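**Q** Here's a structure for you.
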Amino acid sequence: MKIAFIAHDRKKEEMVNFAIAYEKTFLHHELYSTGTTGKKIMQNTDLKIHRFMSGPLGGDQQIGAMVAKNEMDLIIFLRDPLMAQPHEPDIIALLRLCDVQGIPLATNVATAEILVKALERGDFAWRELVHKYKPGDSE
Ligand SMILES: O=C(CO)COP(=O)(O)O
């Protein structure tokens, strides 16, 4: 599965700890991230992550482009709800696209944990069916 990690600055430590905790699971998947989040995870684990640009420079939008094509299977986006972000419109756009495409999205670590446990159990198998069809195929 294609999994994206995104964390705002005050959530990065939580994200790194989460990646360490589930490293063995994530090793079996194709991983993506925004710039700094991915760098920090890779510095602390053996995970290989395709890093997009930093969030404020367009990284959320790059991940959004994959979501728009229904290419992302799971997004773990640890948002900081107590700090205004300069690229808030990009963030809202990404969350919106997840709802457009029905992509599993965790915005806090409690939900992320439940989704990763579901991933380990095989509950994401339905995404394999989605991969066979590109958005717009039926139009
Ligand atoms: O700002 C972000 C998400 O909106 C995260 O970007 P970085 O991972 O580059 O810090």
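Identifiers for the structure tokens are assigned positionally: chains receive A, B, ... in sequence, residues are indexed from 1 per chain, and ligands are indexed from 1 in the order shown.
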Given only C-alpha atoms and all ligand atoms, how would the per-residue table for chain A near ligand 1 read, listing every residue at most 10 Å away with its closest atom pair and distance in Å to one decimal, sorted by chain and number, as a Markdown table?
**A**
| residue | atom | partner | partner_atom_place_in_ligand_line | distance |
| --- | --- | --- | --- | --- |
| A:Phe5 | CA | ligand 1 | 8 (O) | 8.0 |
| A:Ile6 | CA | ligand 1 | 5 (C) | 5.3 |
| A:Ala7 | CA | ligand 1 | 5 (C) | 5.1 |
| A:His8 | CA | ligand 1 | 5 (C) | 4.9 |
| A:Asp9 | CA | ligand 1 | 10 (O) | 5.9 |
| A:Arg10 | CA | ligand 1 | 10 (O) | 9.6 |
| A:Lys11 | CA | ligand 1 | 10 (O) | 9.5 |
| A:Lys12 | CA | ligand 1 | 10 (O) | 7.9 |
| A:Ser33 | CA | ligand 1 | 8 (O) | 6.8 |
| A:Thr34 | CA | ligand 1 | 8 (O) | 4.2 |
| A:Gly35 | CA | ligand 1 | 9 (O) | 3.9 |
| A:Thr36 | CA | ligand 1 | 9 (O) | 3.8 |
| A:Thr37 | CA | ligand 1 | 8 (O) | 3.6 |
| A:Gly38 | CA | ligand 1 | 8 (O) | 6.4 |
| A:Lys39 | CA | ligand 1 | 8 (O) | 7.9 |
| A:Lys40 | CA | ligand 1 | 8 (O) | 8.5 |
| A:Ile41 | CA | ligand 1 | 8 (O) | 9.9 |
| A:Arg51 | CA | ligand 1 | 8 (O) | 8.7 |
| A:Phe52 | CA | ligand 1 | 9 (O) | 8.1 |
| A:Met53 | CA | ligand 1 | 9 (O) | 6.3 |
| A:Ser54 | CA | ligand 1 | 9 (O) | 3.1 |
| A:Gly55 | CA | ligand 1 | 6 (O) | 3.4 |
| A:Pro56 | CA | ligand 1 | 1 (O) | 5.2 |
| A:Leu57 | CA | ligand 1 | 9 (O) | 7.9 |
| A:Gly58 | CA | ligand 1 | 6 (O) | 8.6 |
| A:Gly59 | CA | ligand 1 | 6 (O) | 6.6 |
| A:Asp60 | CA | ligand 1 | 4 (O) | 5.7 |
| A:Gln61 | CA | ligand 1 | 4 (O) | 9.1 |
| A:Phe77 | CA | ligand 1 | 3 (C) | 7.6 |
| A:Leu78 | CA | ligand 1 | 3 (C) | 8.4 |
| A:Arg79 | CA | ligand 1 | 4 (O) | 7.3 |
| A:Asp80 | CA | ligand 1 | 4 (O) | 9.0 |
| A:Gln85 | CA | ligand 1 | 4 (O) | 7.5 |
| A:Pro86 | CA | ligand 1 | 1 (O) | 8.7 |
| A:His87 | CA | ligand 1 | 4 (O) | 6.9 |
| A:Glu88 | CA | ligand 1 | 4 (O) | 7.5 |
| A:Pro89 | CA | ligand 1 | 4 (O) | 9.6 |
| A:Asp90 | CA | ligand 1 | 4 (O) | 7.4 |
| A:Ile91 | CA | ligand 1 | 4 (O) | 5.6 |
| A:Ile92 | CA | ligand 1 | 4 (O) | 9.3 |
| A:Leu94 | CA | ligand 1 | 4 (O) | 9.1 |
**Q** Smallest atom-to-atom distance to Thr25 in chain A: which of A:Lys117, A:Lys2, A:Arg96, A:Lys48, using only C-alpha atoms?
**A**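 Closest candidate: A:Lys117.
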**Q** Name all residues at most 10 Å from Asn17 in chain A (count only C-alpha atoms; drop same-chain ones fewer than 6 positions away) and give them as a list in words.
**A**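 Those residues are Glu23, Ile41, Asn44 and Thr45 of chain A.
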**Q** Would you write out, as JSON lines, a table of all residues in range 10-70 of chain A that have an atom no more than 12 Å from an atom of range 119-125 of chain A, listing for each the closest atom pair and the distance in Å to one decimal, considering only C-alpha atoms and ordering rows by chain and rising residue number?
**A**
{"residue": "A:Tyr22", "atom": "CA", "partner": "A:Glu120", "partner_atom": "CA", "distance": 9.9}
{"residue": "A:Glu23", "atom": "CA", "partner": "A:Glu120", "partner_atom": "CA", "distance": 11.8}
{"residue": "A:Lys24", "atom": "CA", "partner": "A:Glu120", "partner_atom": "CA", "distance": 10.2}
{"residue": "A:Thr25", "atom": "CA", "partner": "A:Glu120", "partner_atom": "CA", "distance": 6.9}
{"residue": "A:Phe26", "atom": "CA", "partner": "A:Glu120", "partner_atom": "CA", "distance": 9.5}
{"residue": "A:Leu27", "atom": "CA", "partner": "A:Glu120", "partner_atom": "CA", "distance": 11.7}
{"residue": "A:His28", "atom": "CA", "partner": "A:Glu120", "partner_atom": "CA", "distance": 10.2}
{"residue": "A:His29", "atom": "CA", "partner": "A:Leu119", "partner_atom": "CA", "distance": 10.3}
**Q** What does the distance from CA of Asn70 in chain A to CA of Leu31 in chain A come to in Å, to one decimal?
**A**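 Rounded to one decimal, the two atoms are 15.3 Å apart.
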**Q** So which bits of range 53-133 of chain A end up helix (DSSP H, G or I) when you DSSP the backbone, as a count of residues only?
**A** 46
**Q** Leaving out Gly102 in chain A and any residue of its chain fewer than 4 positions from it, which residues lie within 12 Å of it when counting only C-alpha atoms, given as a VMD selection string?
**A** chain A and resid 67 to 75 94 to 98 126 to 127 130 135
**Q** DSSP on the backbone, strand (DSSP E or B) only: what residues of chain A does that give? Format it as a PyMOL selection string.
**A** chain A and resi 2-7+30-33+49-51+74-78+105-106
**Q** For Thr107 in chain A, which residue among A:Ile49, A:His131, A:Ala4, A:Gln62 is the nearest when counting only C-alpha atoms?
**A**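 Comparing A:Ile49, A:His131, A:Ala4, A:Gln62 against Thr107 in chain A, the winner is A:Ala4.
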